[in-house]
$ cat data36.txt   # compact mmCIF, C-alpha atoms
# COMPACT_ATOMS: atom_id res chain seq x y z
CA MET A 11 17.03 26.28 -22.22
CA GLY A 12 16.99 24.47 -25.55
CA LEU A 13 13.97 22.41 -24.56
CA SER A 14 11.71 21.36 -27.36
CA LYS A 15 8.04 22.01 -26.69
CA LEU A 16 6.01 19.15 -25.31
CA LYS A 17 2.68 18.90 -27.07
CA LEU A 18 -0.35 17.24 -25.55
CA VAL A 19 -3.69 17.34 -27.35
CA PRO A 20 -7.19 16.76 -26.00
CA GLY A 21 -9.01 13.54 -26.85
CA THR A 22 -11.12 13.43 -29.97
CA GLY A 23 -13.98 11.62 -28.30
CA GLU A 24 -12.89 8.22 -29.59
CA ALA A 25 -12.91 5.17 -27.36
CA PRO A 26 -9.92 5.37 -25.05
CA MET A 27 -7.06 2.98 -25.72
CA ALA A 28 -6.45 0.14 -23.24
CA ASP A 29 -3.44 0.31 -20.92
CA GLU A 30 -1.70 -2.60 -22.67
CA ASP A 31 -2.02 -0.94 -26.08
CA ILE A 32 -0.72 2.35 -24.70
CA LYS A 33 2.26 0.52 -23.17
CA SER A 34 3.17 -1.19 -26.41
CA LEU A 35 2.83 2.11 -28.27
CA ALA A 36 5.18 3.73 -25.74
CA ARG A 37 8.09 1.71 -27.12
CA GLU A 38 7.78 3.58 -30.42
CA ASP A 39 6.28 6.93 -29.48
CA HIS A 40 6.58 7.86 -25.83
CA ALA A 41 5.02 11.32 -26.16
CA ARG A 42 1.94 10.01 -27.96
CA ALA A 43 1.52 7.16 -25.50
CA PHE A 44 1.70 9.62 -22.61
CA ASN A 45 -0.86 11.83 -24.36
CA LEU A 46 -3.22 8.85 -24.70
CA LEU A 47 -2.69 7.97 -21.05
CA VAL A 48 -3.68 11.51 -20.06
CA GLN A 49 -6.79 11.32 -22.23
CA ARG A 50 -7.70 7.96 -20.70
CA TYR A 51 -7.35 8.95 -17.08
CA GLU A 52 -7.80 12.73 -16.80
CA GLN A 53 -11.50 12.57 -15.96
CA LYS A 54 -11.13 9.58 -13.65
CA LEU A 55 -8.42 11.32 -11.64
CA TYR A 56 -10.28 14.62 -11.61
CA TYR A 57 -13.48 13.06 -10.29
CA HIS A 58 -11.57 10.90 -7.82
CA ALA A 59 -9.95 14.00 -6.35
CA LEU A 60 -13.19 15.99 -6.59
CA TRP A 61 -15.13 13.43 -4.55
CA ILE A 62 -12.47 13.26 -1.90
CA ILE A 63 -11.60 16.93 -1.67
CA LYS A 64 -14.87 18.49 -2.92
CA ASP A 65 -13.21 21.44 -4.63
CA SER A 66 -13.12 21.60 -8.43
CA GLU A 67 -10.04 23.76 -8.87
CA THR A 68 -7.99 21.75 -6.40
CA ALA A 69 -9.19 18.50 -7.96
CA ARG A 70 -8.00 19.59 -11.39
CA ASP A 71 -4.70 20.63 -9.88
CA VAL A 72 -4.30 17.27 -8.12
CA ALA A 73 -5.05 15.35 -11.35
CA GLN A 74 -2.39 17.37 -13.20
CA GLU A 75 0.14 16.82 -10.44
CA ALA A 76 -0.46 13.07 -10.70
CA PHE A 77 0.27 13.22 -14.44
CA ILE A 78 3.41 15.31 -13.90
CA LYS A 79 4.61 12.71 -11.43
CA ALA A 80 3.69 9.97 -13.91
CA TYR A 81 5.73 11.70 -16.64
CA HIS A 82 8.81 11.43 -14.45
CA GLU A 83 8.06 7.85 -13.35
CA PRO A 84 10.51 5.49 -15.12
CA ARG A 85 8.29 2.40 -14.71
CA LEU A 86 5.17 4.05 -16.12
CA PHE A 87 5.03 1.95 -19.28
CA ASP A 88 6.55 -1.23 -17.86
CA GLU A 89 4.35 -4.23 -18.57
CA ALA A 90 4.05 -5.22 -14.91
CA PHE A 91 3.31 -1.65 -13.75
CA HIS A 92 -0.21 -1.13 -12.38
CA THR A 93 -0.77 2.21 -14.07
CA ARG A 94 -4.33 2.85 -12.93
CA ALA A 95 -3.67 1.77 -9.35
CA TRP A 96 -0.53 3.92 -9.24
CA LEU A 97 -2.28 7.02 -10.61
CA LEU A 98 -5.19 6.64 -8.19
CA ARG A 99 -2.78 6.16 -5.30
CA VAL A 100 -0.80 9.28 -6.14
CA CYS A 101 -4.04 11.20 -6.45
CA THR A 102 -5.41 9.84 -3.16
CA ASN A 103 -2.26 10.61 -1.20
CA ARG A 104 -2.11 14.15 -2.57
CA CYS A 105 -5.74 14.68 -1.56
CA TYR A 106 -5.04 13.44 1.96
CA ASN A 107 -2.12 15.85 2.27
CA LEU A 108 -4.25 18.73 1.01
CA LEU A 109 -7.11 17.86 3.36
CA ARG A 110 -4.70 17.84 6.25
CA ASP A 111 -3.26 21.20 5.19
CA ARG A 112 -6.70 22.58 4.56
CA SER A 113 -7.94 21.64 8.02
CA ARG A 114 -4.98 23.53 9.45
CA ARG A 115 -5.61 26.49 7.16
CA ARG A 116 -9.33 26.49 7.88
CA SER A 117 -8.74 26.70 11.59
CA ILE A 118 -6.51 29.73 11.00
CA LEU A 119 -9.06 31.34 8.67
CA ASP A 120 -11.82 30.74 11.17
CA ARG A 121 -9.79 32.57 13.74
CA VAL A 122 -9.34 35.64 11.55
CA GLY A 123 -13.02 35.54 10.53
CA ARG A 124 -12.63 35.08 6.77
CA GLU A 125 -15.03 33.02 4.72
CA GLU A 126 -13.79 29.92 2.95
CA SER A 127 -15.65 30.87 -0.24
CA ALA A 128 -13.09 33.60 -0.80
CA LEU A 129 -10.59 30.88 -1.73
CA ARG A 130 -12.75 29.64 -4.57
CA SER A 131 -13.04 31.41 -7.87
CA SER A 132 -12.88 29.88 -11.33
CA HIS A 133 -14.61 26.60 -10.56
CA GLN A 134 -17.54 28.20 -8.85
CA ALA A 135 -20.17 26.59 -11.06
CA ILE A 136 -19.06 23.06 -10.27
CA ASP A 137 -18.63 23.86 -6.64
CA ASP A 138 -22.17 25.22 -6.57
CA VAL A 139 -23.48 21.96 -7.99
CA LEU A 140 -21.50 20.03 -5.42
CA GLU A 141 -22.79 22.33 -2.74
CA LYS A 142 -26.34 21.60 -3.82
CA GLU A 143 -25.68 17.88 -3.79
CA MET A 144 -24.15 18.17 -0.38
CA ASN A 145 -27.52 19.21 0.92
CA SER A 146 -28.96 15.79 0.21
CA THR A 147 -29.18 13.47 3.20
CA LEU A 148 -26.82 10.93 1.71
CA ALA A 149 -24.20 13.55 0.86
CA ARG A 150 -24.38 14.94 4.39
CA VAL A 151 -23.95 11.45 5.75
CA LEU A 152 -21.05 10.73 3.41
CA ASP A 153 -19.42 13.94 4.51
CA GLN A 154 -19.26 12.61 8.06
CA LEU A 155 -17.18 9.63 7.04
CA SER A 156 -13.43 9.71 7.50
CA PRO A 157 -11.37 10.38 4.33
CA GLU A 158 -10.19 6.74 4.37
CA HIS A 159 -13.74 5.39 4.43
CA ARG A 160 -14.89 7.89 1.86
CA THR A 161 -11.98 7.04 -0.46
CA ILE A 162 -12.50 3.31 -0.31
CA LEU A 163 -16.19 3.72 -1.11
CA ILE A 164 -15.27 5.94 -4.06
CA LEU A 165 -12.83 3.33 -5.33
CA ARG A 166 -15.38 0.56 -4.95
CA CYS A 167 -18.57 2.28 -6.08
CA SER A 168 -17.35 4.81 -8.59
CA HIS A 169 -14.24 3.35 -10.18
CA ASP A 170 -15.79 -0.09 -9.82
CA LEU A 171 -12.46 -1.63 -8.77
CA SER A 172 -12.26 -5.19 -7.48
CA TYR A 173 -11.13 -5.82 -3.90
CA GLN A 174 -7.70 -6.82 -5.19
CA GLU A 175 -7.40 -3.67 -7.32
CA ILE A 176 -8.32 -1.53 -4.33
CA ALA A 177 -5.63 -3.34 -2.32
CA ASP A 178 -3.16 -2.43 -5.10
CA VAL A 179 -4.20 1.22 -4.98
CA LEU A 180 -3.98 1.56 -1.21
CA LEU A 181 -1.03 -0.85 -0.80
CA VAL A 182 -2.85 -2.89 1.84
CA LYS A 183 -3.89 -6.54 2.11
CA ILE A 184 -7.16 -7.67 0.55
CA GLY A 185 -8.46 -8.57 4.04
CA THR A 186 -7.91 -4.96 5.08
CA VAL A 187 -9.90 -3.80 2.07
CA MET A 188 -12.77 -6.13 3.00
CA SER A 189 -12.88 -4.96 6.58
CA ARG A 190 -12.45 -1.27 5.71
CA ILE A 191 -15.32 -1.35 3.20
CA SER A 192 -17.44 -3.28 5.69
CA ARG A 193 -16.81 -0.77 8.45
CA ALA A 194 -17.38 2.17 6.09
CA LYS A 195 -20.72 0.75 4.96
CA VAL A 196 -21.86 -0.15 8.47
CA ARG A 197 -20.90 3.36 9.63
CA LEU A 198 -22.78 4.82 6.67
CA ARG A 199 -25.85 2.73 7.54
CA ASP A 200 -25.72 3.85 11.19
CA LEU A 201 -25.42 7.52 10.20
CA TRP A 202 -28.12 7.09 7.53
CA GLU A 203 -30.56 5.64 10.06
CA GLU A 204 -29.79 8.41 12.52
CA GLU A 205 -30.54 11.02 9.82
CA GLU A 206 -33.77 9.31 8.87
CA THR A 207 -35.09 9.13 12.43
CA ARG A 208 -34.56 12.86 12.99
CA MET B 25 -18.58 -17.26 12.64
CA ASN B 26 -19.44 -14.48 15.06
CA CYS B 27 -21.35 -11.22 14.94
CA TRP B 28 -18.29 -9.02 15.43
CA ARG B 29 -16.57 -10.54 12.41
CA ILE B 30 -19.58 -10.05 10.19
CA ARG B 31 -20.05 -6.45 11.30
CA HIS B 32 -16.39 -5.46 11.01
CA ASN B 33 -15.00 -7.66 8.25
CA LEU B 34 -17.44 -9.59 6.14
CA VAL B 35 -20.65 -7.68 5.52
CA ALA B 36 -19.40 -5.87 2.39
CA PRO B 37 -17.59 -8.79 0.70
CA PHE B 38 -20.56 -11.02 1.55
CA LEU B 39 -22.98 -8.67 -0.22
CA ASP B 40 -20.55 -8.37 -3.15
CA GLY B 41 -20.10 -12.15 -3.31
CA ALA B 42 -16.35 -11.71 -2.89
CA LEU B 43 -15.86 -14.39 -0.21
CA ASP B 44 -14.81 -18.01 -0.67
CA ASP B 45 -17.73 -20.42 -1.10
CA ASP B 46 -17.24 -21.82 2.40
CA GLU B 47 -17.18 -18.40 4.03
CA GLN B 48 -20.11 -17.18 1.97
CA GLN B 49 -22.05 -20.22 3.16
CA ALA B 50 -20.99 -19.74 6.78
CA VAL B 51 -22.15 -16.10 6.79
CA ALA B 52 -25.46 -17.07 5.21
CA GLU B 53 -26.02 -19.74 7.86
CA HIS B 54 -25.16 -17.26 10.61
CA LEU B 55 -27.65 -14.75 9.22
CA ASP B 56 -30.38 -17.40 9.39
CA ASP B 57 -29.76 -17.77 13.11
CA CYS B 58 -28.83 -14.20 14.14
CA SER B 59 -31.53 -11.59 13.70
CA GLU B 60 -29.22 -8.72 14.72
CA CYS B 61 -26.70 -9.49 11.96
CA SER B 62 -29.52 -10.12 9.53
CA VAL B 63 -30.92 -6.63 10.17
CA LEU B 64 -27.46 -5.12 9.80
CA VAL B 65 -26.77 -6.81 6.46
CA LYS B 66 -30.20 -5.84 5.14
CA GLY B 67 -29.60 -2.26 6.25
CA VAL B 68 -26.27 -2.09 4.41
CA ALA B 69 -27.77 -3.73 1.33
CA SER B 70 -30.59 -1.17 1.20
CA LEU B 71 -28.33 1.89 1.29
CA PRO B 72 -29.03 4.18 -1.68
CA GLU B 73 -26.55 4.38 -4.54
CA LEU B 74 -23.67 6.60 -3.59
CA PRO B 75 -23.62 9.95 -5.38
CA PHE B 76 -20.14 9.53 -6.82
CA ARG B 77 -21.21 10.10 -10.38
CA GLU B 78 -19.81 12.19 -13.16
CA LEU B 79 -21.26 15.65 -13.66
CA ASP B 80 -22.94 17.14 -16.69
CA PRO B 81 -20.36 17.28 -19.54
CA LYS B 82 -21.41 20.86 -20.28
CA LEU B 83 -20.52 21.77 -16.75
CA VAL B 84 -17.11 20.12 -16.68
CA GLY B 85 -16.28 20.82 -20.34
CA PRO B 86 -14.24 23.95 -19.57
CA ILE B 87 -12.25 22.02 -16.97
CA PHE B 88 -10.87 19.66 -19.61
CA ALA B 89 -10.82 22.05 -22.54
CA ASP B 90 -7.33 23.26 -21.77
CA PHE B 91 -6.31 20.44 -19.45
CA GLU B 92 -3.67 19.01 -21.81
CA ARG B 93 -2.23 22.40 -22.71
CA ASP B 94 -1.84 23.40 -19.06
CA LEU B 95 -0.42 20.00 -18.21
CA ALA B 96 2.15 20.23 -21.02
CA GLU B 97 3.25 23.61 -19.72
CA ARG B 98 3.58 22.33 -16.16
CA ILE B 99 5.56 19.31 -17.32
CA GLN B 100 7.76 21.66 -19.34
CA ASP B 101 8.33 23.72 -16.20
CA SER B 102 9.21 20.64 -14.19
CA LEU B 103 11.70 19.56 -16.89
CA SER B 104 13.27 23.03 -16.82
CA VAL B 105 13.65 22.79 -13.07
CA ILE B 106 15.30 19.37 -13.41
CA ALA B 107 17.57 20.58 -16.23
CA ASP B 108 18.58 23.60 -14.13
CA SER B 109 19.28 21.48 -11.10
CA HIS B 110 21.44 19.11 -13.17
CA GLY B 111 23.19 21.97 -14.94
CA THR B 112 22.67 20.30 -18.30
CA GLN B 113 20.68 21.06 -21.38
CA ARG B 114 18.36 18.49 -22.80
CA GLU B 115 17.46 18.58 -26.45
CA ASP B 116 14.66 16.07 -26.28
CA THR B 117 12.03 16.51 -23.59
CA ALA B 118 10.57 13.04 -24.01
CA VAL B 119 11.78 10.93 -21.14
CA LYS B 120 11.88 7.29 -22.11
CA PRO B 121 11.25 5.48 -18.86
CA THR B 122 11.68 1.96 -20.23
CA ARG B 123 15.36 1.22 -20.60
CA SER B 124 16.44 -2.12 -21.87
CA GLY B 125 19.38 -3.99 -23.34
CA LEU B 126 22.60 -2.20 -24.10
CA GLY B 127 20.93 1.19 -23.69
CA ALA B 128 20.12 0.38 -20.07
CA LEU B 129 23.62 -0.95 -19.45
CA PHE B 130 25.18 2.24 -20.73
CA GLY B 131 22.62 4.58 -19.20
CA ASN B 132 21.40 5.53 -22.65
CA SER B 133 17.86 6.83 -22.51
CA GLY B 134 17.64 7.65 -26.17
CA ARG B 135 19.50 10.94 -26.01
CA GLY B 136 22.93 9.62 -27.06
CA PHE B 137 25.84 8.52 -24.90
CA SER B 138 26.97 10.80 -22.15
CA PRO B 139 30.76 11.40 -22.54
CA ALA B 140 31.24 11.33 -18.77
CA LEU B 141 29.50 7.98 -18.47
CA VAL B 142 31.42 6.47 -21.41
CA GLY B 143 34.69 7.69 -19.84
CA ALA B 144 33.74 6.13 -16.54
CA TYR B 145 32.91 2.80 -18.20
CA ILE B 146 36.24 2.79 -20.09
CA ALA B 147 38.12 3.53 -16.87
CA VAL B 148 36.37 0.65 -15.09
CA LEU B 149 37.12 -1.72 -18.00
CA ALA B 150 40.80 -0.66 -18.03
CA LEU B 151 41.03 -1.27 -14.30
CA LEU B 152 39.48 -4.71 -14.65
CA THR B 153 41.81 -5.69 -17.53
CA GLY B 154 44.88 -4.46 -15.64
CA GLY B 155 43.81 -6.34 -12.53
CA LEU B 156 43.38 -9.59 -14.46
CA ALA B 157 46.77 -9.23 -16.21
CA TRP B 158 48.51 -8.56 -12.89
CA HIS B 159 46.77 -11.59 -11.39
CA TYR B 160 47.96 -13.95 -14.17
CA MET B 161 51.53 -12.61 -13.97
CA LYS B 162 51.56 -13.29 -10.27
CA VAL B 163 50.29 -16.83 -10.79
CA GLU B 164 53.03 -17.50 -13.38
CA ASN B 165 55.71 -16.20 -11.03
CA LEU B 166 54.43 -18.43 -8.27
CA GLU B 167 54.46 -21.47 -10.54
CA ALA B 168 58.09 -20.78 -11.60
CA SER B 169 59.08 -20.32 -7.98
CA LEU B 170 57.40 -23.62 -7.09
CA GLU B 171 59.39 -25.48 -9.77
CA GLU B 172 62.60 -23.92 -8.50
CA ARG B 173 61.84 -25.00 -4.96
CA LYS B 174 61.01 -28.53 -6.07
CA GLU B 175 64.40 -28.70 -7.75
CA GLN B 176 66.10 -27.44 -4.58
CA ILE B 177 64.25 -30.02 -2.52
CA GLY B 178 65.45 -32.78 -4.91
CA ASN B 179 69.03 -31.60 -4.56
CA LEU B 180 68.74 -31.49 -0.79
CA LYS B 181 67.32 -35.02 -0.73
CA GLU B 182 70.27 -36.24 -2.76
CA GLN B 183 72.66 -34.55 -0.35
CA VAL B 184 70.87 -36.14 2.61
CA GLU B 185 71.20 -39.56 1.04
CA VAL B 186 74.91 -39.06 0.39
CA LEU B 187 75.47 -37.84 3.95
CA GLY B 188 73.39 -40.73 5.31
CA SER B 189 75.46 -43.30 3.52
CA GLN B 190 78.69 -41.56 4.67
CA ARG B 191 77.45 -41.60 8.28
CA ALA B 192 76.42 -45.24 8.01
CA ARG B 193 79.88 -46.08 6.81
CA ALA B 194 81.46 -44.07 9.64
CA LEU B 195 79.32 -45.78 12.27
CA ALA B 196 79.93 -49.26 11.00
CA GLY B 197 81.19 -51.42 13.83
CA PHE B 198 79.93 -49.07 16.58
CA GLU B 199 76.98 -49.66 18.91
CA LEU B 200 75.11 -47.22 21.17
CA ASP B 201 75.23 -47.60 24.94
CA PRO B 202 71.89 -46.28 26.18
CA LEU B 203 72.75 -46.44 29.89
CA SER B 204 75.70 -44.10 29.73
CA ASN B 205 73.54 -41.16 28.65
CA PRO B 206 70.23 -40.26 30.29
CA PHE B 207 68.87 -38.79 27.04
CA PRO B 208 70.34 -40.74 24.20
CA VAL B 209 69.11 -39.86 20.77
CA PHE B 210 69.70 -43.26 19.26
CA GLY B 211 68.46 -46.40 20.90
CA SER B 212 70.10 -49.78 20.69
CA THR B 213 67.99 -52.41 19.11
CA THR B 214 69.16 -54.84 21.76
CA ALA B 215 68.73 -52.60 24.80
CA SER B 216 65.53 -52.92 26.72
CA GLY B 217 64.37 -49.64 28.31
CA ALA B 218 66.21 -47.54 25.77
CA LEU B 219 64.63 -44.25 24.78
CA SER B 220 63.05 -43.70 21.45
CA ILE B 221 64.16 -40.93 19.15
CA SER B 222 61.44 -38.71 20.44
CA GLY B 223 62.78 -39.06 23.98
CA MET B 224 59.86 -41.14 25.23
CA ARG B 225 60.59 -44.37 27.06
CA THR B 226 59.41 -47.30 25.02
CA ARG B 227 57.19 -49.80 26.68
CA MET B 228 59.02 -53.09 26.68
CA PRO B 229 57.52 -56.35 27.97
CA LEU B 230 58.98 -57.71 31.17
CA SER B 231 59.98 -60.89 29.39
CA SER B 232 62.29 -58.97 27.15
CA LEU B 233 64.14 -57.71 30.27
CA GLN B 234 64.53 -61.20 31.60
CA GLY B 235 65.31 -62.76 28.27
CA ALA B 236 68.44 -62.74 26.21
CA ASP B 237 69.56 -59.35 27.45
CA ASN B 238 73.20 -58.97 26.60
CA ARG B 239 73.40 -55.36 27.79
CA ARG B 240 75.45 -56.13 30.90
CA GLN B 241 77.78 -58.45 29.08
CA ILE B 242 79.03 -55.66 26.88
CA PRO B 243 81.83 -53.65 28.54
CA LEU B 244 81.17 -49.92 28.79
CA ILE B 245 83.55 -47.75 26.83
CA GLN B 246 84.03 -44.28 28.28
CA GLN B 247 86.45 -43.15 25.68
CA VAL B 248 84.59 -42.19 22.57
CA SER B 249 86.43 -42.92 19.43
CA VAL B 250 84.06 -40.99 17.19
CA ASP B 251 83.38 -37.55 18.63
CA ASN B 252 81.05 -35.93 16.17
CA LEU B 253 77.86 -37.68 17.29
CA ASP B 254 76.40 -35.08 19.73
CA GLY B 255 78.57 -36.39 22.62
CA MET B 256 76.95 -39.78 22.40
CA PRO B 257 79.18 -42.33 24.06
CA LEU B 258 79.83 -45.25 21.81
CA ARG B 259 81.38 -48.62 22.31
CA ARG B 260 83.10 -50.74 19.82
$ encode --input "data36.txt" --output "structure tokens"
Amino acid sequence: MGLSKLKLVPGTGEAPMADEDIKSLAREDHARAFNLLVQRYEQKLYYHALWIIKDSETARDVAQEAFIKAYHEPRLFDEAFHTRAWLLRVCTNRCYNLLRDRSRRRSILDRVGREESALRSSHQAIDDVLEKEMNSTLARVLDQLSPEHRTILILRCSHDLSYQEIADVLLVKIGTVMSRISRAKVRLRDLWEEEETR
Amino acid sequence: MNCWRIRHNLVAPFLDGALDDDEQQAVAEHLDDCSECSVLVKGVASLPELPFRELDPKLVGPIFADFERDLAERIQDSLSVIADSHGTQREDTAVKPTRSGLGALFGNSGRGFSPALVGAYIAVLALLTGGLAWHYMKVENLEASLEERKEQIGNLKEQVEVLGSQRARALAGFELDPLSNPFPVFGSTTASGALSISGMRTRMPLSSLQGADNRRQIPLIQQVSVDNLDGMPLRR
């Protein structure tokens, strides 16, 4: 095809470069800037997807898909482009789609009597850890939340985004973010108290 | 401030201190008065830290060990798919998303000018230039035509003046008789009730009818001595 090989290298453990610096670097060296962007966000996107979808292999896949989409996004290094919000949004939407597909697939698998664990292979170790954590009361309670409530709590508590940044990720008004987090937390408290009184 | 609003909208931003000062104050005052809301807010505040934390690096190390290499391959695959679908070969895989200046204008993304695009731009420019030239030629023609017409109008005016003076000379000594023709074109200056040129009856004061009206004293002449005035009977 005559395509020169794209090279991306893992991070060297140095402090990740800020978005603004990556954007200014992109004017001179697009490939290197993209590489730095991957290094900066790969773990964030992986964990974001992992906490929503709770499957290591799929989470890694989702993070990579977000970067592939980013590579083809013409505004990626524009100054006004909200890179982090955009990446998290792409990741979130992909997870929602997969969860929807998975719920369909699971219902089919349940009918034919196959176990879900058969779908997992290479990321077993991480999934086992997650499985163990899922046995904690809080994890069980969190699992009962809707994906929307779960996602907004992840964005707030794990990524430590401000209300405005969460609004940018989810493309909703800041008032919606406030009420959605409030409802998620009240729901979590109700479920938590139910679990504790059992 | 009401309980529903605190439960459904404000409990989280209140605990995070993300509300306006006024609203923060209003919620605090409500909590002092409402034990139910107070219990709710305390319950939310005392929730344990959510377990969304990163895992042991040793555990996730293998996940990221070949992350970049796999990603590069997948991007390469996606570029191949795009290149195939466009039927073109790309020498440089680095897409430069930020286009600016002349490069953006000419669709140049750092891979050189596309001959098809350049051709299209030249064609558009040629069309624009041709259109402008045609427009100016048309304007010039119109201006020349206008001058010509002005000249013609001048000539016609001269002719009208000449004819007018000829007619005035021919009519010298004649006077119109408005009563002999129900629709006379010319009105006598001395005749009350004569019609105007437009055919409308002029409004004359009654006094003018009773005054020095010499209409009846002038003998009517049936025989017209000048016969080229639209059949208008004249009297000498």
$ residues_around --input "data36.txt" --residues "Leu165 (chain A)" --least-positions-apart "5" --cutoff "9 Å" --atoms "only C-alpha atoms" --output "list in words"
His58, Leu98, Arg160, Asp170, Leu171, Ser172, Ile176 and Val179 of chain A
$ interface_residues --input "data36.txt" --of "chain B" --to "chain A" --cutoff "9 Å" --atoms "all atoms listed in the file" --output "JSON, numbers by chain"
{"B": [29, 30, 31, 32, 33, 34, 35, 36, 37, 42, 64, 65, 67, 68, 70, 71, 72, 73, 74, 75, 76, 77, 78, 79, 83, 84, 87, 88, 89, 90, 91, 92, 93, 94, 95, 96, 97, 98, 99, 100, 102, 103, 104, 107, 108, 113, 114, 115, 116, 117, 118, 119, 120, 121, 122, 123]}
$ atom_distance --input "data36.txt" --atom1 "CA of Ser189 (chain B)" --atom2 "CA of Glu175 (chain B)"
21.5 Å
$ atom_distance --input "data36.txt" --atom1 "CA of Leu181 (chain A)" --atom2 "CA of Leu46 (chain A)"
25.9 Å
$ atom_distance --input "data36.txt" --atom1 "CA of Asp178 (chain A)" --atom2 "CA of Asp31 (chain A)"
21.1 Å
$ closest_residue --input "data36.txt" --among "A:Ser113, A:Thr207, A:Ser156, A:Asn107" --to "Val72 (chain A)" --atoms "all atoms listed in the file"
A:Asn107
$ axis_aligned_box --input "data36.txt" --around "region 91-97 of chain A" --padding-each-side "6 Å" --output "lines of an AutoDock Vina configuration file"
center_x = -0.5
center_y = 2.7
center_z = -11.7
size_x = 19.6
size_y = 20.7
size_z = 16.8
